[in-house]
$ cat start_6.cif   # mmCIF, C-alpha atoms and all ligand atoms
data_coords
loop_
_atom_site.group_PDB
_atom_site.id
_atom_site.type_symbol
_atom_site.label_atom_id
_atom_site.label_comp_id
_atom_site.auth_asym_id
_atom_site.auth_seq_id
_atom_site.Cartn_x
_atom_site.Cartn_y
_atom_site.Cartn_z
ATOM 1 C CA MET F 1 25.844 5.906 10.335
ATOM 2 C CA ILE F 2 25.396 5.575 6.568
ATOM 3 C CA GLU F 3 28.150 3.092 5.655
ATOM 4 C CA ARG F 4 28.173 3.725 1.912
ATOM 5 C CA PRO F 5 29.682 7.017 0.692
ATOM 6 C CA ILE F 6 26.859 8.967 -1.007
ATOM 7 C CA ILE F 7 27.891 9.570 -4.621
ATOM 8 C CA ALA F 8 26.887 13.043 -5.887
ATOM 9 C CA LEU F 9 25.535 12.400 -9.392
ATOM 10 C CA ASP F 10 26.399 15.886 -10.602
ATOM 11 C CA PHE F 11 25.453 15.327 -14.235
ATOM 12 C CA SER F 12 22.739 17.089 -16.250
ATOM 13 C CA THR F 13 21.195 14.185 -18.118
ATOM 14 C CA LYS F 14 20.347 10.504 -17.912
ATOM 15 C CA VAL F 15 22.485 10.018 -21.024
ATOM 16 C CA GLU F 16 25.545 10.810 -18.892
ATOM 17 C CA ILE F 17 24.388 8.822 -15.858
ATOM 18 C CA VAL F 18 23.869 5.489 -17.596
ATOM 19 C CA PRO F 19 27.492 4.997 -18.804
ATOM 20 C CA PHE F 20 28.796 6.261 -15.448
ATOM 21 C CA LEU F 21 26.776 3.677 -13.508
ATOM 22 C CA LYS F 22 27.890 0.933 -15.913
ATOM 23 C CA LYS F 23 31.361 1.325 -14.405
ATOM 24 C CA PHE F 24 29.997 -0.235 -11.183
ATOM 25 C CA PRO F 25 29.046 -3.932 -10.851
ATOM 26 C CA SER F 26 25.331 -4.257 -11.656
ATOM 27 C CA GLU F 27 24.630 -5.978 -8.322
ATOM 28 C CA GLU F 28 26.239 -3.185 -6.283
ATOM 29 C CA SER F 29 23.557 -1.091 -4.568
ATOM 30 C CA LEU F 30 24.765 2.511 -4.334
ATOM 31 C CA PHE F 31 23.570 5.513 -2.323
ATOM 32 C CA VAL F 32 23.402 8.369 -4.838
ATOM 33 C CA LYS F 33 22.623 12.060 -4.545
ATOM 34 C CA VAL F 34 20.330 13.667 -7.115
ATOM 35 C CA GLY F 35 20.612 17.439 -7.026
ATOM 36 C CA MET F 36 18.899 20.355 -8.758
ATOM 37 C CA GLU F 37 20.996 20.121 -11.926
ATOM 38 C CA LEU F 38 19.808 16.614 -12.719
ATOM 39 C CA PHE F 39 16.287 16.837 -11.264
ATOM 40 C CA TYR F 40 15.436 20.045 -13.147
ATOM 41 C CA GLN F 41 16.509 18.467 -16.472
ATOM 42 C CA GLU F 42 15.156 14.947 -16.076
ATOM 43 C CA GLY F 43 12.333 15.332 -13.542
ATOM 44 C CA PRO F 44 11.020 12.650 -11.158
ATOM 45 C CA ASP F 45 11.615 9.910 -13.760
ATOM 46 C CA ILE F 46 15.341 9.962 -13.031
ATOM 47 C CA VAL F 47 14.582 9.093 -9.390
ATOM 48 C CA ARG F 48 12.276 6.259 -10.478
ATOM 49 C CA PHE F 49 14.986 4.969 -12.841
ATOM 50 C CA LEU F 50 17.669 4.983 -10.136
ATOM 51 C CA LYS F 51 15.329 3.308 -7.635
ATOM 52 C CA ALA F 52 14.426 0.635 -10.179
ATOM 53 C CA SER F 53 18.176 0.036 -10.661
ATOM 54 C CA GLY F 54 18.422 -0.826 -6.954
ATOM 55 C CA HIS F 55 19.984 2.366 -5.597
ATOM 56 C CA ASP F 56 19.107 4.461 -2.540
ATOM 57 C CA ILE F 57 18.593 8.171 -3.116
ATOM 58 C CA PHE F 58 19.399 11.420 -1.357
ATOM 59 C CA LEU F 59 17.184 13.965 -3.132
ATOM 60 C CA ASP F 60 19.079 17.221 -2.601
ATOM 61 C CA LEU F 61 16.593 19.926 -3.660
ATOM 62 C CA LYS F 62 17.044 22.239 -0.629
ATOM 63 C CA LEU F 63 13.421 23.405 -0.392
ATOM 64 C CA HIS F 64 12.837 26.919 0.981
ATOM 65 C CA ASP F 65 9.346 28.438 0.648
ATOM 66 C CA ILE F 66 6.252 29.132 2.754
ATOM 67 C CA PRO F 67 5.227 26.217 5.017
ATOM 68 C CA ASN F 68 2.134 25.247 2.985
ATOM 69 C CA THR F 69 4.081 25.041 -0.288
ATOM 70 C CA VAL F 70 6.910 23.050 1.261
ATOM 71 C CA GLU F 71 4.473 20.638 2.918
ATOM 72 C CA ARG F 72 2.694 19.938 -0.374
ATOM 73 C CA ALA F 73 5.945 19.641 -2.328
ATOM 74 C CA MET F 74 7.331 17.173 0.231
ATOM 75 C CA LYS F 75 4.155 15.110 0.080
ATOM 76 C CA GLY F 76 4.762 14.626 -3.645
ATOM 77 C CA LEU F 77 8.486 13.960 -3.287
ATOM 78 C CA ALA F 78 7.877 11.340 -0.564
ATOM 79 C CA GLN F 79 5.928 9.288 -3.086
ATOM 80 C CA LEU F 80 9.173 8.800 -5.045
ATOM 81 C CA GLY F 81 10.505 6.587 -2.253
ATOM 82 C CA VAL F 82 13.757 8.432 -1.599
ATOM 83 C CA SER F 83 15.764 7.679 1.561
ATOM 84 C CA LEU F 84 16.932 11.194 2.401
ATOM 85 C CA THR F 85 15.936 14.717 1.391
ATOM 86 C CA ASN F 86 16.442 18.291 2.598
ATOM 87 C CA VAL F 87 15.269 21.872 3.189
ATOM 88 C CA HIS F 88 16.966 25.153 4.115
ATOM 89 C CA ALA F 89 16.876 25.775 7.872
ATOM 90 C CA ALA F 90 16.574 29.504 7.083
ATOM 91 C CA GLY F 91 12.966 28.808 6.061
ATOM 92 C CA GLY F 92 12.179 28.571 9.778
ATOM 93 C CA LYS F 93 10.912 26.059 12.310
ATOM 94 C CA GLU F 94 7.321 26.143 11.052
ATOM 95 C CA MET F 95 8.457 25.465 7.481
ATOM 96 C CA MET F 96 10.688 22.581 8.601
ATOM 97 C CA ALA F 97 7.876 21.040 10.680
ATOM 98 C CA ALA F 98 5.579 21.373 7.647
ATOM 99 C CA ALA F 99 8.175 19.514 5.561
ATOM 100 C CA VAL F 100 8.111 16.636 8.091
ATOM 101 C CA SER F 101 4.277 16.534 7.944
ATOM 102 C CA GLY F 102 4.368 16.487 4.138
ATOM 103 C CA LEU F 103 6.844 13.596 4.094
ATOM 104 C CA ILE F 104 4.730 11.592 6.541
ATOM 105 C CA ALA F 105 1.558 12.277 4.527
ATOM 106 C CA GLY F 106 3.232 11.202 1.277
ATOM 107 C CA SER F 107 4.788 8.006 2.649
ATOM 108 C CA SER F 108 1.647 5.959 3.247
ATOM 109 C CA GLN F 109 3.021 2.605 2.020
ATOM 110 C CA GLN F 110 6.717 3.135 2.578
ATOM 111 C CA LYS F 111 9.338 4.255 5.071
ATOM 112 C CA VAL F 112 9.299 8.023 5.725
ATOM 113 C CA PRO F 113 12.440 9.579 4.177
ATOM 114 C CA GLN F 114 14.925 11.093 6.606
ATOM 115 C CA LEU F 115 14.902 14.893 6.489
ATOM 116 C CA ILE F 116 17.953 17.082 7.006
ATOM 117 C CA ALA F 117 18.457 20.861 6.889
ATOM 118 C CA VAL F 118 21.080 22.974 5.183
ATOM 119 C CA THR F 119 22.358 25.374 7.869
ATOM 120 C CA GLN F 120 24.818 27.828 6.333
ATOM 121 C CA LEU F 121 26.013 26.737 2.890
ATOM 122 C CA THR F 122 29.682 25.754 2.892
ATOM 123 C CA SER F 123 30.137 28.372 0.151
ATOM 124 C CA THR F 124 29.153 31.110 2.644
ATOM 125 C CA SER F 125 31.970 32.763 4.585
ATOM 126 C CA GLN F 126 31.507 34.299 8.026
ATOM 127 C CA LYS F 127 32.201 37.767 6.587
ATOM 128 C CA GLN F 128 29.562 37.323 3.878
ATOM 129 C CA MET F 129 27.019 35.957 6.382
ATOM 130 C CA GLN F 130 27.534 38.962 8.646
ATOM 131 C CA SER F 131 27.456 41.622 5.923
ATOM 132 C CA GLU F 132 24.742 40.139 3.677
ATOM 133 C CA GLN F 133 22.445 38.256 6.057
ATOM 134 C CA LEU F 134 23.065 40.735 8.915
ATOM 135 C CA ILE F 135 23.731 37.834 11.286
ATOM 136 C CA GLU F 136 26.135 39.166 13.885
ATOM 137 C CA THR F 137 27.275 35.938 15.566
ATOM 138 C CA THR F 138 30.068 33.641 14.343
ATOM 139 C CA LEU F 139 29.424 31.180 11.534
ATOM 140 C CA ILE F 140 29.686 28.180 13.861
ATOM 141 C CA ASP F 141 27.152 29.728 16.260
ATOM 142 C CA SER F 142 24.757 30.316 13.371
ATOM 143 C CA VAL F 143 25.230 26.730 12.150
ATOM 144 C CA CYS F 144 24.605 25.319 15.660
ATOM 145 C CA HIS F 145 21.577 27.584 16.124
ATOM 146 C CA TYR F 146 20.047 26.313 12.875
ATOM 147 C CA ALA F 147 20.870 22.707 13.868
ATOM 148 C CA LEU F 148 19.003 23.147 17.165
ATOM 149 C CA LEU F 149 16.063 24.716 15.303
ATOM 150 C CA ALA F 150 16.000 21.768 12.887
ATOM 151 C CA GLN F 151 16.061 19.325 15.795
ATOM 152 C CA ALA F 152 13.200 21.183 17.508
ATOM 153 C CA ALA F 153 11.191 20.986 14.261
ATOM 154 C CA GLY F 154 11.574 17.183 14.255
ATOM 155 C CA LEU F 155 14.246 16.801 11.565
ATOM 156 C CA ASP F 156 16.804 13.977 11.590
ATOM 157 C CA GLY F 157 19.913 16.064 11.049
ATOM 158 C CA VAL F 158 21.767 18.623 8.948
ATOM 159 C CA VAL F 159 24.054 18.980 5.956
ATOM 160 C CA CYS F 160 27.292 20.532 7.195
ATOM 161 C CA SER F 161 31.050 20.539 6.925
ATOM 162 C CA ALA F 162 32.640 17.631 8.825
ATOM 163 C CA LEU F 163 34.574 20.343 10.656
ATOM 164 C CA GLU F 164 31.282 21.407 12.299
ATOM 165 C CA ALA F 165 30.052 17.897 13.219
ATOM 166 C CA THR F 166 31.575 17.748 16.708
ATOM 167 C CA ALA F 167 30.043 21.071 17.788
ATOM 168 C CA ILE F 168 26.658 20.135 16.296
ATOM 169 C CA HIS F 169 26.607 16.781 18.096
ATOM 170 C CA GLN F 170 27.501 18.499 21.361
ATOM 171 C CA LYS F 171 24.616 20.975 20.980
ATOM 172 C CA THR F 172 22.034 18.499 19.697
ATOM 173 C CA SER F 173 22.585 14.775 20.304
ATOM 174 C CA GLU F 174 24.846 11.986 19.081
ATOM 175 C CA ASP F 175 22.053 10.520 16.952
ATOM 176 C CA PHE F 176 21.298 13.812 15.143
ATOM 177 C CA ILE F 177 22.910 13.074 11.779
ATOM 178 C CA CYS F 178 25.600 15.216 10.129
ATOM 179 C CA VAL F 179 25.774 14.579 6.376
ATOM 180 C CA THR F 180 29.029 16.048 5.116
ATOM 181 C CA PRO F 181 30.192 17.044 1.620
ATOM 182 C CA GLY F 182 33.625 18.584 0.966
ATOM 183 C CA ILE F 183 35.379 15.195 1.120
ATOM 184 C CA ARG F 184 38.726 14.700 -0.598
ATOM 185 C CA PRO F 185 40.796 11.510 -0.356
ATOM 186 C CA ASP F 186 43.670 13.559 -1.781
ATOM 187 C CA LEU F 187 43.834 16.960 -0.075
ATOM 188 C CA ALA F 188 45.982 18.261 -2.945
ATOM 189 C CA LYS F 189 42.935 18.184 -5.265
ATOM 190 C CA ILE F 190 40.273 20.325 -3.607
ATOM 191 C CA GLU F 191 38.862 22.094 -6.736
ATOM 192 C CA ASP F 192 36.332 24.795 -5.724
ATOM 193 C CA GLN F 193 35.693 23.364 -2.239
ATOM 194 C CA LYS F 194 37.200 25.355 0.597
ATOM 195 C CA ARG F 195 36.851 23.366 3.802
ATOM 196 C CA VAL F 196 37.745 19.816 2.895
ATOM 197 C CA VAL F 197 38.647 16.733 4.920
ATOM 198 C CA THR F 198 39.633 13.156 4.103
ATOM 199 C CA PRO F 199 37.100 10.327 4.571
ATOM 200 C CA SER F 200 38.922 9.091 7.686
ATOM 201 C CA LYS F 201 39.055 12.562 9.202
ATOM 202 C CA ALA F 202 35.310 12.996 8.545
ATOM 203 C CA ARG F 203 34.717 9.793 10.476
ATOM 204 C CA ALA F 204 37.031 10.843 13.310
ATOM 205 C CA LEU F 205 35.157 14.173 13.557
ATOM 206 C CA GLY F 206 31.827 12.378 13.969
ATOM 207 C CA ALA F 207 30.272 12.769 10.499
ATOM 208 C CA ASN F 208 27.410 10.286 10.011
ATOM 209 C CA ALA F 209 27.559 10.232 6.201
ATOM 210 C CA ILE F 210 29.880 11.552 3.503
ATOM 211 C CA VAL F 211 28.878 12.977 0.117
ATOM 212 C CA VAL F 212 31.524 12.569 -2.582
ATOM 213 C CA GLY F 213 31.246 13.968 -6.112
ATOM 214 C CA ARG F 214 34.202 14.698 -8.366
ATOM 215 C CA PRO F 215 36.781 12.457 -6.658
ATOM 216 C CA ILE F 216 34.583 9.550 -7.867
ATOM 217 C CA THR F 217 32.805 10.937 -10.952
ATOM 218 C CA LYS F 218 36.052 12.234 -12.495
ATOM 219 C CA ALA F 219 38.242 9.288 -11.469
ATOM 220 C CA GLN F 220 39.828 7.155 -14.165
ATOM 221 C CA ASP F 221 38.344 4.113 -12.435
ATOM 222 C CA PRO F 222 35.285 5.346 -10.476
ATOM 223 C CA TYR F 223 34.531 1.938 -8.914
ATOM 224 C CA GLN F 224 38.063 1.486 -7.649
ATOM 225 C CA MET F 225 38.014 5.010 -6.184
ATOM 226 C CA TYR F 226 34.594 4.386 -4.609
ATOM 227 C CA ARG F 227 35.845 1.197 -2.956
ATOM 228 C CA SER F 228 38.930 2.879 -1.627
ATOM 229 C CA ILE F 229 36.916 5.841 -0.214
ATOM 230 C CA LYS F 230 34.390 3.431 1.284
ATOM 231 C CA LYS F 231 37.150 1.433 2.964
ATOM 232 C CA GLU F 232 38.790 4.560 4.388
ATOM 233 C CA TRP F 233 35.415 5.916 5.587
ATOM 234 C CA SER F 234 34.192 2.710 7.213
ATOM 235 C CA GLU F 235 37.410 1.680 8.955
ATOM 236 C CA LYS F 236 37.673 2.804 12.535
ATOM 237 C CA ASN F 237 41.142 4.257 12.921
ATOM 238 C CA ASP F 238 42.090 4.749 16.557
ATOM 239 C CA ASN F 239 45.526 6.058 15.624
ATOM 240 C CA PHE F 240 44.106 8.848 13.507
ATOM 241 C CA THR F 241 46.509 11.790 13.331
ATOM 242 C CA ASN F 242 45.700 13.699 10.100
HETATM 243 O O1 LIG W 301 32.465 17.226 -6.310
HETATM 244 P P1 LIG W 301 32.269 17.427 -4.828
HETATM 245 O O2 LIG W 301 32.721 16.235 -3.991
HETATM 246 O O3 LIG W 301 32.853 18.728 -4.337
HETATM 247 O O4 LIG W 301 30.683 17.497 -4.673
HETATM 248 C C1 LIG W 301 30.042 17.792 -3.453
HETATM 249 C C2 LIG W 301 28.558 17.731 -3.616
HETATM 250 O O5 LIG W 301 27.956 18.144 -2.398
HETATM 251 C C3 LIG W 301 27.997 18.621 -4.702
HETATM 252 O O6 LIG W 301 26.854 17.952 -5.250
HETATM 253 C C4 LIG W 301 27.568 19.874 -3.965
HETATM 254 O O7 LIG W 301 26.484 20.518 -4.574
HETATM 255 C C5 LIG W 301 27.127 19.281 -2.622
HETATM 256 N N1 LIG W 301 27.164 20.211 -1.484
HETATM 257 C C6 LIG W 301 28.326 20.850 -1.074
HETATM 258 N N2 LIG W 301 28.273 21.718 0.010
HETATM 259 C C7 LIG W 301 27.120 21.916 0.663
HETATM 260 C C8 LIG W 301 25.956 21.256 0.255
HETATM 261 C C9 LIG W 301 26.015 20.405 -0.837
HETATM 262 O O8 LIG W 301 29.387 20.654 -1.650
HETATM 263 N N3 LIG W 301 27.087 22.704 1.720
#

$ encode --input "start_6.cif" --output "structure tokens"
Amino acid sequence: MIERPIIALDFSTKVEIVPFLKKFPSEESLFVKVGMELFYQEGPDIVRFLKASGHDIFLDLKLHDIPNTVERAMKGLAQLGVSLTNVHAAGGKEMMAAAVSGLIAGSSQQKVPQLIAVTQLTSTSQKQMQSEQLIETTLIDSVCHYALLAQAAGLDGVVCSALEATAIHQKTSEDFICVTPGIRPDLAKIEDQKRVVTPSKARALGANAIVVGRPITKAQDPYQMYRSIKKEWSEKNDNFTN
């Protein structure tokens, strides 16, 4: 289990990141998510900067291309020393296995990053999946199928909704990690997310990590909010009823 909530750094530039991170004690090592918005503006230097500041990184670039291209791209990304990165499971088993090979090849001196797969995006509805992707099964069956494919390709886990974590663990194994966005400490403020859960519910459902963006980045006191989410996420609550 990843004990620290992963903070989604959904900003476009380093100029916005620096004052945001100043709101946290300088000695506090965070686990942050760098996505396409930031990476495409600032490039690999933003990852080097965050690493040099003592943070762990989930590089969320969702690669999806032919196996050879993904393998070579992953080899380069591994050299940045990130802890976690991802691909789209829809790219297929061969592509996912190539991503693993690329990460191993690029991690000569350091720990190989964990690799997870996006199954069905949480923005995809079952109706849309069936009419646009021509997948006739249910959404949960498609998600579990992709999770099994990712496991067979040698990946460490998937990105999914916490609501899918129990079914995925049943189909794969307890140590196959489910990294879950769509987390809201206050269910009254869900913004554009559709399937949201609280940090404690995510834990009760078997999520192995939570990704939290706006509840922290838009909070009046981001550090206070981070600490409160971290406490709720890491406390085992046997009387959970929500
Ligand atoms: O602000 P919020 O907490 O909704 O941010 C969630 C983060 O997780 C965003 O960076 C979003 O891109 C990402 N994400 C998601 N759903 C997925 C995959 C990633 O919300 N299925």

$ residues_near_ligand --input "start_6.cif" --ligand "ligand LIG 301 (chain W)" --cutoff "8 Å" --atoms "only C-alpha atoms and all ligand atoms" --output "ChimeraX atom specification"
/F:8-10,33,35,60,118,120-123,159-161,180-184,190-193,211-217

$ atom_distance --input "start_6.cif" --atom1 "CA of Leu63 in chain F" --atom2 "CA of Thr166 in chain F"
25.6 Å

$ closest_residue --input "start_6.cif" --among "F:Ala98, F:Ala105, F:Leu21, F:Leu187" --to "Leu50 in chain F" --atoms "only C-alpha atoms"
F:Leu21

$ resolve_selection --input "start_6.cif" --expression "the PyMOL selection byres (((chain F and resi 46) around 12) and not hetatm)" --output "PyMOL selection string"
chain F and resi 9+11-18+32-45+47-53+55+57+59+80+82

$ closest_residue --input "start_6.cif" --among "F:Ser228, F:Thr172, F:Gln133, F:Ser200" --to "Gln151 in chain F" --atoms "all atoms listed in the file"
F:Thr172

$ residues_around --input "start_6.cif" --residues "Leu148 in chain F" --least-positions-apart "4" --cutoff "8 Å" --atoms "all atoms listed in the file" --output "compact mmCIF listing (two decimals) with C-alpha atoms, in the coordinates of the input"
# COMPACT_ATOMS: atom_id res chain seq x y z
CA CYS F 144 24.60 25.32 15.66
CA ALA F 152 13.20 21.18 17.51
CA LYS F 171 24.62 20.98 20.98
CA THR F 172 22.03 18.50 19.70

$ atom_distance --input "start_6.cif" --atom1 "CA of Asp221 in chain F" --atom2 "CA of Pro185 in chain F"
14.4 Å

$ closest_residue --input "start_6.cif" --among "F:Gln126, F:Val196, F:Ala117, F:Lys111" --to "Leu61 in chain F" --atoms "all atoms listed in the file"
F:Ala117

$ closest_residue --input "start_6.cif" --among "F:Pro25, F:Pro67, F:Gly106, F:Gly157" --to "Leu84 in chain F" --atoms "all atoms listed in the file"
F:Gly157

$ atom_distance --input "start_6.cif" --atom1 "CA of Ala78 in chain F" --atom2 "CA of Met95 in chain F"
16.3 Å

$ residues_near_point --input "start_6.cif" --point "(28.6, 4.9, 0.3)" --cutoff "9 Å" --atoms "all atoms listed in the file" --output "list in words"
Ile2, Glu3, Arg4, Pro5, Ile6, Ile7, Leu30, Phe31, Val32, Ala209, Ile210, Val211, Val212, Tyr226, Arg227, Ile229, Lys230 and Trp233 of chain F

$ write_last_selection --input "start_6.cif" --atoms "C-alpha atoms" --output "PDB file, keeping the file's coordinate frame"
ATOM      1  CA  ILE F   2      25.396   5.575   6.568  1.00  0.00           C
ATOM      2  CA  GLU F   3      28.150   3.092   5.655  1.00  0.00           C
ATOM      3  CA  ARG F   4      28.173   3.725   1.912  1.00  0.00           C
ATOM      4  CA  PRO F   5      29.682   7.017   0.692  1.00  0.00           C
ATOM      5  CA  ILE F   6      26.859   8.967  -1.007  1.00  0.00           C
ATOM      6  CA  ILE F   7      27.891   9.570  -4.621  1.00  0.00           C
ATOM      7  CA  LEU F  30      24.765   2.511  -4.334  1.00  0.00           C
ATOM      8  CA  PHE F  31      23.570   5.513  -2.323  1.00  0.00           C
ATOM      9  CA  VAL F  32      23.402   8.369  -4.838  1.00  0.00           C
ATOM     10  CA  ALA F 209      27.559  10.232   6.201  1.00  0.00           C
ATOM     11  CA  ILE F 210      29.880  11.552   3.503  1.00  0.00           C
ATOM     12  CA  VAL F 211      28.878  12.977   0.117  1.00  0.00           C
ATOM     13  CA  VAL F 212      31.524  12.569  -2.582  1.00  0.00           C
ATOM     14  CA  TYR F 226      34.594   4.386  -4.609  1.00  0.00           C
ATOM     15  CA  ARG F 227      35.845   1.197  -2.956  1.00  0.00           C
ATOM     16  CA  ILE F 229      36.916   5.841  -0.214  1.00  0.00           C
ATOM     17  CA  LYS F 230      34.390   3.431   1.284  1.00  0.00           C
ATOM     18  CA  TRP F 233      35.415   5.916   5.587  1.00  0.00           C
TER      19      TRP F 233
END

$ resolve_selection --input "start_6.cif" --expression "the PyMOL selection byres (((chain F and resi 114) around 9) and not hetatm)" --output "ChimeraX atom specification"
/F:82-86,100,103,111-113,115-116,155-157

$ closest_residue --input "start_6.cif" --among "F:Leu77, F:Leu139, F:Ala89, F:Val70" --to "Phe58 in chain F" --atoms "all atoms listed in the file"
F:Leu77
